[in-house]
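Peer 1: Got a structure for you, written out below as structure tokens; questions coming shortly.
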Amino acid sequence: MLYVVITFLFLAILLYFLLGGADFGAGIIELFTSEGNKSGTRKIMYQAIGPIWEANHMWLIIAIVIMFVGFPVIYSDMCTYLHIPMLVMLLGIMARGTAFAFRSYDAIKGERTQNFYNHIFVYSSFITPLFLGIIAGSAISRQIDVHAVRFSSAYVFSWLNYFSVAVGLFTVALSGYLAAVYLVGEAENQNDAKRFIRKARQMNVIAVVFGGLVFITAGMENIPLPYWIFGNPVSLSAVIAASISLVIQWMLISKGKKKIIRLSAGFQVTMVLLAVGYMHYPNFVMIKGGENLSLLTLHATSKTIHDLGVALLVGSLFILPSLWYLYYSFQKKADDAKH
């Protein structure tokens with residue numbers, strides 16, 4: 001049952017990044033959109049993320065509950081030494097959700113209040129994935145020092161380092177890339193579709209640049225990232241699959257296969273995450289000095305893991321069909337409105 005719980009944990013993290021990341025990416029795309037196109041971008045964005053913008057956070061909640069119940073030691077250490085970036089990320093989620101709701105449903109849609117909500121929405125959309133990536137980078141950078149005696153060493157430089165910030169920027173670029181690709185499929189005319197295709201290509205280039213920056217900073221901080229990615233057949237195969245899917249994706253875009261490119265983009269990002277994370281398993285956090293926090297050893301009692309696994313399996317029978325129906329209903333409503 002332990003492996004069932006671990007599987008649900010990684011699936012929740014992956015789905016949060018693919019769906020929630022694209023959700024944040026929509027705000028990033030809006031941030032870097034010209035004033036003349038912002039209104040049209042918002043309209044398409046509402047149609048794309050409206051059905052699931054709040055449901056996306058369910059995956060984050062599931063991951064947190066699994067960590068809290070199933071792996072309390074790892075959860076405690078992360079919440080202790082990474083509490084600052086976690087707090088910023090959570091504040092970003094709340095600010096973004098609040099701004100999205102108020103600018104959409106505010107009874108008094110004055111220009112001043114709308115601008116206020118717009119600024120909160122786009123900047124929190126940038127900050128949240130940035131700190132999500134910083135947290136991920138910190139977990140594998142071996143900068144967390146559980147023996148530190150100074151506040152800065154224990155709670156600041158555990159995450160404020162070149163590598164973690166580079167991973168954060170790479171996460172922002174991937175979120176923007178996912179959003180742009182998803183929005184291509186929602187575009188109602190060729191001009192909008194071409195505009196989002198350009199955004200997707202720009203974000204693709206930016207992701208490559210920041211990906212290179214991740215490798216550079218890893219070398220600066222003696223993190224064996226090239227070995228993690230190219231030193232085993234699974235990670236190397238994932239990199240090759242991601243590269244091939246990228247080529248196929250742009251071929252599909254040029255042929256107007258809008259719906260398939262979403263699956264292709266999701267697959268590509270999944271392969272990138274697999275390439276980076278495979279060598280760490282079962283270690284979830286890597287501590288300064290060589291200690292690792294392993295999911296296979298630092299878990300709760302067998303009874304707790306069994307009950308948690310059963311709850312996840314039973315819950316998925318209700319949650320997954322409901323989410324599918326929610327998305328289907330909103331998409332059908334949008335399609336009927338177009339016709």
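Naming scheme: A, B, ... for chains in displayed order of the structure tokens; residues 1 onward per chain; ligands 1 onward as shown.
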Within 10 Å of Leu60 of chain A, counting only C-alpha atoms, which residues show up once you throw out same-chain ones fewer than 3 positions away? Write them as a list in words, please.
Peer 2: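 Contacts, with the query itself left out: Leu9, Ala12, Ile13, Leu14, Leu15, Tyr16, Phe17, Gly20, Ala55, Asn56, His57, Ala63, Ile64, Val65 and Ile66 of chain A.
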Peer 1: Pull all heavy atoms from the residues just selected and write them as a compact mmCIF listing (two decimals), in the first residue's frame.
Peer 2:
```
# COMPACT_ATOMS: atom_id res chain seq x y z
N LEU A 9 0.87 10.44 -4.60
CA LEU A 9 1.61 11.66 -4.30
C LEU A 9 2.23 12.25 -5.55
O LEU A 9 2.06 13.45 -5.84
CB LEU A 9 2.71 11.36 -3.27
CG LEU A 9 3.69 12.51 -2.97
CD1 LEU A 9 2.95 13.71 -2.37
CD2 LEU A 9 4.79 12.03 -2.03
N ALA A 12 -0.44 13.54 -7.99
CA ALA A 12 -1.01 14.81 -7.56
C ALA A 12 -0.07 15.96 -7.89
O ALA A 12 -0.50 17.02 -8.36
CB ALA A 12 -1.30 14.77 -6.05
N ILE A 13 1.23 15.76 -7.65
CA ILE A 13 2.21 16.80 -7.96
C ILE A 13 2.26 17.05 -9.46
O ILE A 13 2.29 18.20 -9.92
CB ILE A 13 3.61 16.39 -7.44
CG1 ILE A 13 3.60 16.37 -5.90
CG2 ILE A 13 4.67 17.36 -7.93
CD1 ILE A 13 4.86 15.81 -5.29
N LEU A 14 2.26 15.97 -10.25
CA LEU A 14 2.31 16.10 -11.71
C LEU A 14 1.07 16.81 -12.24
O LEU A 14 1.17 17.74 -13.05
CB LEU A 14 2.44 14.72 -12.35
CG LEU A 14 2.38 14.67 -13.88
CD1 LEU A 14 3.54 15.44 -14.49
CD2 LEU A 14 2.37 13.22 -14.38
N LEU A 15 -0.10 16.41 -11.79
CA LEU A 15 -1.33 17.02 -12.28
C LEU A 15 -1.45 18.48 -11.85
O LEU A 15 -1.98 19.31 -12.59
CB LEU A 15 -2.54 16.22 -11.80
CG LEU A 15 -2.74 14.86 -12.47
CD1 LEU A 15 -3.83 14.07 -11.77
CD2 LEU A 15 -3.07 15.02 -13.94
N TYR A 16 -0.94 18.77 -10.65
CA TYR A 16 -0.97 20.17 -10.22
C TYR A 16 -0.09 21.02 -11.13
O TYR A 16 -0.46 22.16 -11.47
CB TYR A 16 -0.53 20.31 -8.77
CG TYR A 16 -0.63 21.73 -8.27
CD1 TYR A 16 -1.87 22.34 -8.12
CD2 TYR A 16 0.51 22.48 -7.98
CE1 TYR A 16 -2.00 23.65 -7.67
CE2 TYR A 16 0.39 23.79 -7.54
CZ TYR A 16 -0.86 24.37 -7.39
OH TYR A 16 -0.96 25.67 -6.96
N PHE A 17 1.05 20.48 -11.52
CA PHE A 17 1.92 21.26 -12.39
C PHE A 17 1.33 21.39 -13.79
O PHE A 17 1.37 22.47 -14.39
CB PHE A 17 3.31 20.63 -12.48
CG PHE A 17 4.30 21.48 -13.20
CD1 PHE A 17 4.96 22.51 -12.54
CD2 PHE A 17 4.57 21.31 -14.55
CE1 PHE A 17 5.85 23.33 -13.20
CE2 PHE A 17 5.45 22.12 -15.22
CZ PHE A 17 6.10 23.14 -14.54
N GLY A 20 -2.52 23.16 -12.87
CA GLY A 20 -2.33 24.40 -12.14
C GLY A 20 -1.24 25.26 -12.75
O GLY A 20 -1.34 26.49 -12.78
N ALA A 55 -10.59 24.07 -9.16
CA ALA A 55 -10.41 22.64 -8.92
C ALA A 55 -8.94 22.23 -9.02
O ALA A 55 -8.54 21.23 -8.42
CB ALA A 55 -11.24 21.84 -9.93
N ASN A 56 -8.13 23.00 -9.74
CA ASN A 56 -6.72 22.66 -9.88
C ASN A 56 -6.01 22.55 -8.53
O ASN A 56 -5.12 21.72 -8.35
CB ASN A 56 -6.01 23.72 -10.73
CG ASN A 56 -6.34 23.59 -12.20
OD1 ASN A 56 -6.70 22.51 -12.66
ND2 ASN A 56 -6.22 24.67 -12.93
N HIS A 57 -6.40 23.40 -7.59
CA HIS A 57 -5.73 23.41 -6.29
C HIS A 57 -6.03 22.17 -5.47
O HIS A 57 -5.38 21.92 -4.45
CB HIS A 57 -6.10 24.68 -5.52
CG HIS A 57 -5.70 25.93 -6.24
ND1 HIS A 57 -4.41 26.15 -6.69
CD2 HIS A 57 -6.41 27.02 -6.62
CE1 HIS A 57 -4.36 27.33 -7.30
NE2 HIS A 57 -5.56 27.86 -7.27
N ALA A 63 -1.71 16.47 -2.36
CA ALA A 63 -0.28 16.24 -2.12
C ALA A 63 0.11 16.63 -0.69
O ALA A 63 0.86 15.91 -0.02
CB ALA A 63 0.55 17.03 -3.13
N ILE A 64 -0.42 17.76 -0.23
CA ILE A 64 -0.10 18.20 1.14
C ILE A 64 -0.66 17.23 2.17
O ILE A 64 0.03 16.88 3.15
CB ILE A 64 -0.66 19.62 1.38
CG1 ILE A 64 0.11 20.64 0.53
CG2 ILE A 64 -0.57 20.00 2.85
CD1 ILE A 64 -0.47 22.04 0.58
N VAL A 65 -1.89 16.76 1.97
CA VAL A 65 -2.50 15.81 2.91
C VAL A 65 -1.71 14.51 2.94
O VAL A 65 -1.46 13.93 4.01
CB VAL A 65 -3.97 15.56 2.54
CG1 VAL A 65 -4.53 14.39 3.36
CG2 VAL A 65 -4.80 16.80 2.78
N ILE A 66 -1.30 14.02 1.77
CA ILE A 66 -0.50 12.79 1.71
C ILE A 66 0.80 12.96 2.48
O ILE A 66 1.21 12.08 3.25
CB ILE A 66 -0.23 12.39 0.25
CG1 ILE A 66 -1.52 11.95 -0.44
CG2 ILE A 66 0.80 11.25 0.20
CD1 ILE A 66 -1.36 11.67 -1.92
```
Peer 1: List every residue of segment 210-256 of chain A that has an atom at most 10 Å from any atom of segment 199-204 of chain A, giving for each one its closest atom pair and the distance in Å to one decimal, counting only C-alpha atoms, sorted by chain and then by ascending residue number, as a Markdown table.
Peer 2:
```
| residue | atom | partner | partner_atom | distance |
| --- | --- | --- | --- | --- |
| A:Phe210 | CA | A:Asn204 | CA | 10.0 |
| A:Leu246 | CA | A:Asn204 | CA | 9.6 |
| A:Trp250 | CA | A:Arg201 | CA | 9.2 |
```
Peer 1: Mind running segment 24-98 of chain A against segment 179-182 of chain A at 8 Å and telling me each contacting residue's nearest atom pair with the distance in Å (one decimal), counting only C-alpha atoms, chain and number ascending, as CSV?
Peer 2:
```
residue,atom,partner,partner_atom,distance
A:Phe24,CA,A:Ala179,CA,7.8
A:Gly25,CA,A:Ala179,CA,4.9
A:Ala26,CA,A:Ala179,CA,5.2
A:Ile29,CA,A:Ala180,CA,7.0
A:Ala48,CA,A:Tyr182,CA,7.7
```
Peer 1: So, counting only C-alpha atoms, which residue among A:Val69, A:Ile84, A:Val234, A:Ile6 is closest to Asp307 of chain A?
Peer 2: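 So, comparing all the options, the nearest one is A:Val69.
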Peer 1: Could you make a table, as JSON lines, of the residues of segment 162-251 of chain A that have an atom within 12 Å of an atom of segment 137-142 of chain A, each with its nearest atom pair and distance in Å to one decimal, counting only C-alpha atoms, in chain and number order?
Peer 2:
```
{"residue": "A:Tyr162", "atom": "CA", "partner": "A:Gly137", "partner_atom": "CA", "distance": 9.7}
{"residue": "A:Phe163", "atom": "CA", "partner": "A:Gly137", "partner_atom": "CA", "distance": 6.7}
{"residue": "A:Ser164", "atom": "CA", "partner": "A:Gly137", "partner_atom": "CA", "distance": 4.3}
{"residue": "A:Val165", "atom": "CA", "partner": "A:Gly137", "partner_atom": "CA", "distance": 7.6}
{"residue": "A:Ala166", "atom": "CA", "partner": "A:Gly137", "partner_atom": "CA", "distance": 8.2}
{"residue": "A:Val167", "atom": "CA", "partner": "A:Gly137", "partner_atom": "CA", "distance": 5.7}
{"residue": "A:Gly168", "atom": "CA", "partner": "A:Gly137", "partner_atom": "CA", "distance": 7.3}
{"residue": "A:Leu169", "atom": "CA", "partner": "A:Gly137", "partner_atom": "CA", "distance": 10.6}
{"residue": "A:Phe170", "atom": "CA", "partner": "A:Gly137", "partner_atom": "CA", "distance": 10.3}
{"residue": "A:Thr171", "atom": "CA", "partner": "A:Gly137", "partner_atom": "CA", "distance": 10.0}
{"residue": "A:Val214", "atom": "CA", "partner": "A:Gly137", "partner_atom": "CA", "distance": 9.5}
{"residue": "A:Phe215", "atom": "CA", "partner": "A:Gly137", "partner_atom": "CA", "distance": 12.0}
{"residue": "A:Thr217", "atom": "CA", "partner": "A:Ser141", "partner_atom": "CA", "distance": 10.5}
{"residue": "A:Ala218", "atom": "CA", "partner": "A:Ser141", "partner_atom": "CA", "distance": 8.3}
{"residue": "A:Gly219", "atom": "CA", "partner": "A:Ser141", "partner_atom": "CA", "distance": 11.3}
{"residue": "A:Met220", "atom": "CA", "partner": "A:Ser141", "partner_atom": "CA", "distance": 11.5}
{"residue": "A:Glu221", "atom": "CA", "partner": "A:Ser141", "partner_atom": "CA", "distance": 8.3}
{"residue": "A:Asn222", "atom": "CA", "partner": "A:Ser141", "partner_atom": "CA", "distance": 9.1}
{"residue": "A:Ile223", "atom": "CA", "partner": "A:Ser141", "partner_atom": "CA", "distance": 6.6}
{"residue": "A:Pro224", "atom": "CA", "partner": "A:Ser141", "partner_atom": "CA", "distance": 9.6}
{"residue": "A:Leu225", "atom": "CA", "partner": "A:Ser141", "partner_atom": "CA", "distance": 9.7}
{"residue": "A:Trp228", "atom": "CA", "partner": "A:Ile140", "partner_atom": "CA", "distance": 11.0}
```
Peer 1: For the residues in the current selection, export N, CA, C and O atoms as a CSV table (one decimal), in the first residue's frame.
Peer 2:
```
chain,number,residue,atom,x,y,z
A,162,TYR,N,21.4,30.3,-6.2
A,162,TYR,CA,21.3,30.5,-7.7
A,162,TYR,C,20.6,29.3,-8.3
A,162,TYR,O,19.7,29.5,-9.2
A,163,PHE,N,20.8,28.1,-7.9
A,163,PHE,CA,20.2,27.0,-8.5
A,163,PHE,C,18.7,27.0,-8.3
A,163,PHE,O,17.9,26.8,-9.3
A,164,SER,N,18.2,27.2,-7.1
A,164,SER,CA,16.8,27.2,-6.8
A,164,SER,C,16.1,28.3,-7.5
A,164,SER,O,15.0,28.0,-8.1
A,165,VAL,N,16.7,29.5,-7.6
A,165,VAL,CA,16.0,30.6,-8.3
A,165,VAL,C,16.0,30.2,-9.8
A,165,VAL,O,15.0,30.5,-10.5
A,166,ALA,N,17.0,29.6,-10.4
A,166,ALA,CA,17.0,29.2,-11.8
A,166,ALA,C,15.9,28.2,-12.1
A,166,ALA,O,15.2,28.3,-13.1
A,167,VAL,N,15.7,27.2,-11.1
A,167,VAL,CA,14.7,26.3,-11.3
A,167,VAL,C,13.3,27.0,-11.2
A,167,VAL,O,12.4,26.6,-12.0
A,168,GLY,N,13.2,28.0,-10.4
A,168,GLY,CA,12.0,28.8,-10.3
A,168,GLY,C,11.6,29.5,-11.6
A,168,GLY,O,10.5,29.5,-12.1
A,169,LEU,N,12.6,30.1,-12.2
A,169,LEU,CA,12.4,30.8,-13.5
A,169,LEU,C,12.1,29.8,-14.6
A,169,LEU,O,11.3,30.1,-15.5
A,170,PHE,N,12.7,28.6,-14.6
A,170,PHE,CA,12.4,27.6,-15.5
A,170,PHE,C,11.0,27.1,-15.4
A,170,PHE,O,10.3,26.9,-16.4
A,171,THR,N,10.5,27.0,-14.1
A,171,THR,CA,9.1,26.6,-13.9
A,171,THR,C,8.1,27.7,-14.4
A,171,THR,O,7.1,27.3,-15.0
A,214,VAL,N,19.8,26.7,-15.5
A,214,VAL,CA,19.7,25.6,-14.4
A,214,VAL,C,21.0,24.8,-14.4
A,214,VAL,O,21.6,24.5,-13.4
A,215,PHE,N,21.4,24.4,-15.6
A,215,PHE,CA,22.6,23.6,-15.7
A,215,PHE,C,23.9,24.4,-15.3
A,215,PHE,O,24.7,23.9,-14.6
A,217,THR,N,24.0,27.0,-13.2
A,217,THR,CA,24.0,27.2,-11.7
A,217,THR,C,24.2,25.9,-11.0
A,217,THR,O,24.8,25.9,-9.9
A,218,ALA,N,23.8,24.8,-11.6
A,218,ALA,CA,24.1,23.5,-10.9
A,218,ALA,C,25.6,23.2,-10.9
A,218,ALA,O,26.1,22.7,-9.9
A,219,GLY,N,26.2,23.6,-12.0
A,219,GLY,CA,27.7,23.4,-12.0
A,219,GLY,C,28.4,24.4,-11.0
A,219,GLY,O,29.4,24.0,-10.4
A,220,MET,N,27.8,25.6,-10.9
A,220,MET,CA,28.4,26.5,-9.9
A,220,MET,C,28.3,26.0,-8.5
A,220,MET,O,29.2,26.3,-7.6
A,221,GLU,N,27.2,25.3,-8.2
A,221,GLU,CA,27.0,24.8,-6.8
A,221,GLU,C,27.2,23.3,-6.6
A,221,GLU,O,26.8,22.7,-5.7
A,222,ASN,N,28.0,22.7,-7.6
A,222,ASN,CA,28.4,21.3,-7.5
A,222,ASN,C,27.3,20.4,-7.4
A,222,ASN,O,27.3,19.4,-6.6
A,223,ILE,N,26.2,20.6,-8.1
A,223,ILE,CA,25.1,19.7,-8.2
A,223,ILE,C,25.2,18.9,-9.4
A,223,ILE,O,25.3,19.4,-10.5
A,224,PRO,N,25.2,17.6,-9.3
A,224,PRO,CA,25.5,16.7,-10.5
A,224,PRO,C,24.3,16.5,-11.4
A,224,PRO,O,23.8,15.4,-11.7
A,225,LEU,N,23.7,17.6,-11.9
A,225,LEU,CA,22.5,17.6,-12.7
A,225,LEU,C,22.7,16.8,-14.0
A,225,LEU,O,21.9,16.0,-14.4
A,228,TRP,N,22.4,13.2,-13.3
A,228,TRP,CA,21.1,12.8,-13.0
A,228,TRP,C,20.2,12.6,-14.2
A,228,TRP,O,19.4,11.7,-14.3
```
Peer 1: As number ranges by chain, please: every residue in segment 107-178 of chain A that a backbone DSSP assignment puts in alpha helix (DSSP H).
Peer 2: A: 111-140, 151, 162-178
Peer 1: Just checking: using only C-alpha atoms, which residue out of A:Ala242, A:Lys288, A:Ala148, A:Val4 ends up closest to Gly70 of chain A?
Peer 2: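 Closest candidate: A:Val4.
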Peer 1: Of the candidates A:Leu183, A:Met78, A:Ile260, A:Ile135, which one gets nearest to Leu293 of chain A if we count only C-alpha atoms?
Peer 2: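 For Leu293 of chain A, the nearest of the candidates is A:Met78.
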Peer 1: Please, what distance in Å, to one decimal, runs between atom CA of Leu174 of chain A and atom CA of Ala154 of chain A?
Peer 2: 29.1 Å
Peer 1: Find the residues around segment 112-124 of chain A up to 9 Å (only C-alpha atoms counted), leave out those fewer than 2 positions away in its own chain, and share them as a PyMOL selection string.
Peer 2: chain A and resi 24+26-31+89+91-100+102-103+106+108-110+126-129
Peer 1: Which residue is closest to Phe267 of chain A? Choose from A:Ala187, A:Asn161, A:Ala238, A:Ser39 and count only C-alpha atoms.
Peer 2: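 Checking each of A:Ala187, A:Asn161, A:Ala238, A:Ser39 against Phe267 of chain A, counting only C-alpha atoms, the winner is A:Ala238.
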Peer 1: Taking only C-alpha atoms into account, which of A:Ser152, A:Ala173, A:Thr33, A:Ile144 comes nearest Gly290 of chain A?
Peer 2: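 Distance minimum relative to Gly290 of chain A lands on A:Ile144.
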Peer 1: What does the structure give for the distance between atom CA of Leu213 of chain A and atom CA of Arg262 of chain A, in Å to one decimal?
Peer 2: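 Taking atom CA of Leu213 of chain A as the start and atom CA of Arg262 of chain A as the end point, the length is 26.2 Å.
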Peer 1: Mind pulling up the distance from atom CA of Glu188 of chain A to atom CA of Gly40 of chain A?
Peer 2: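 Distance reported for this atom pair: 10.3 Å.
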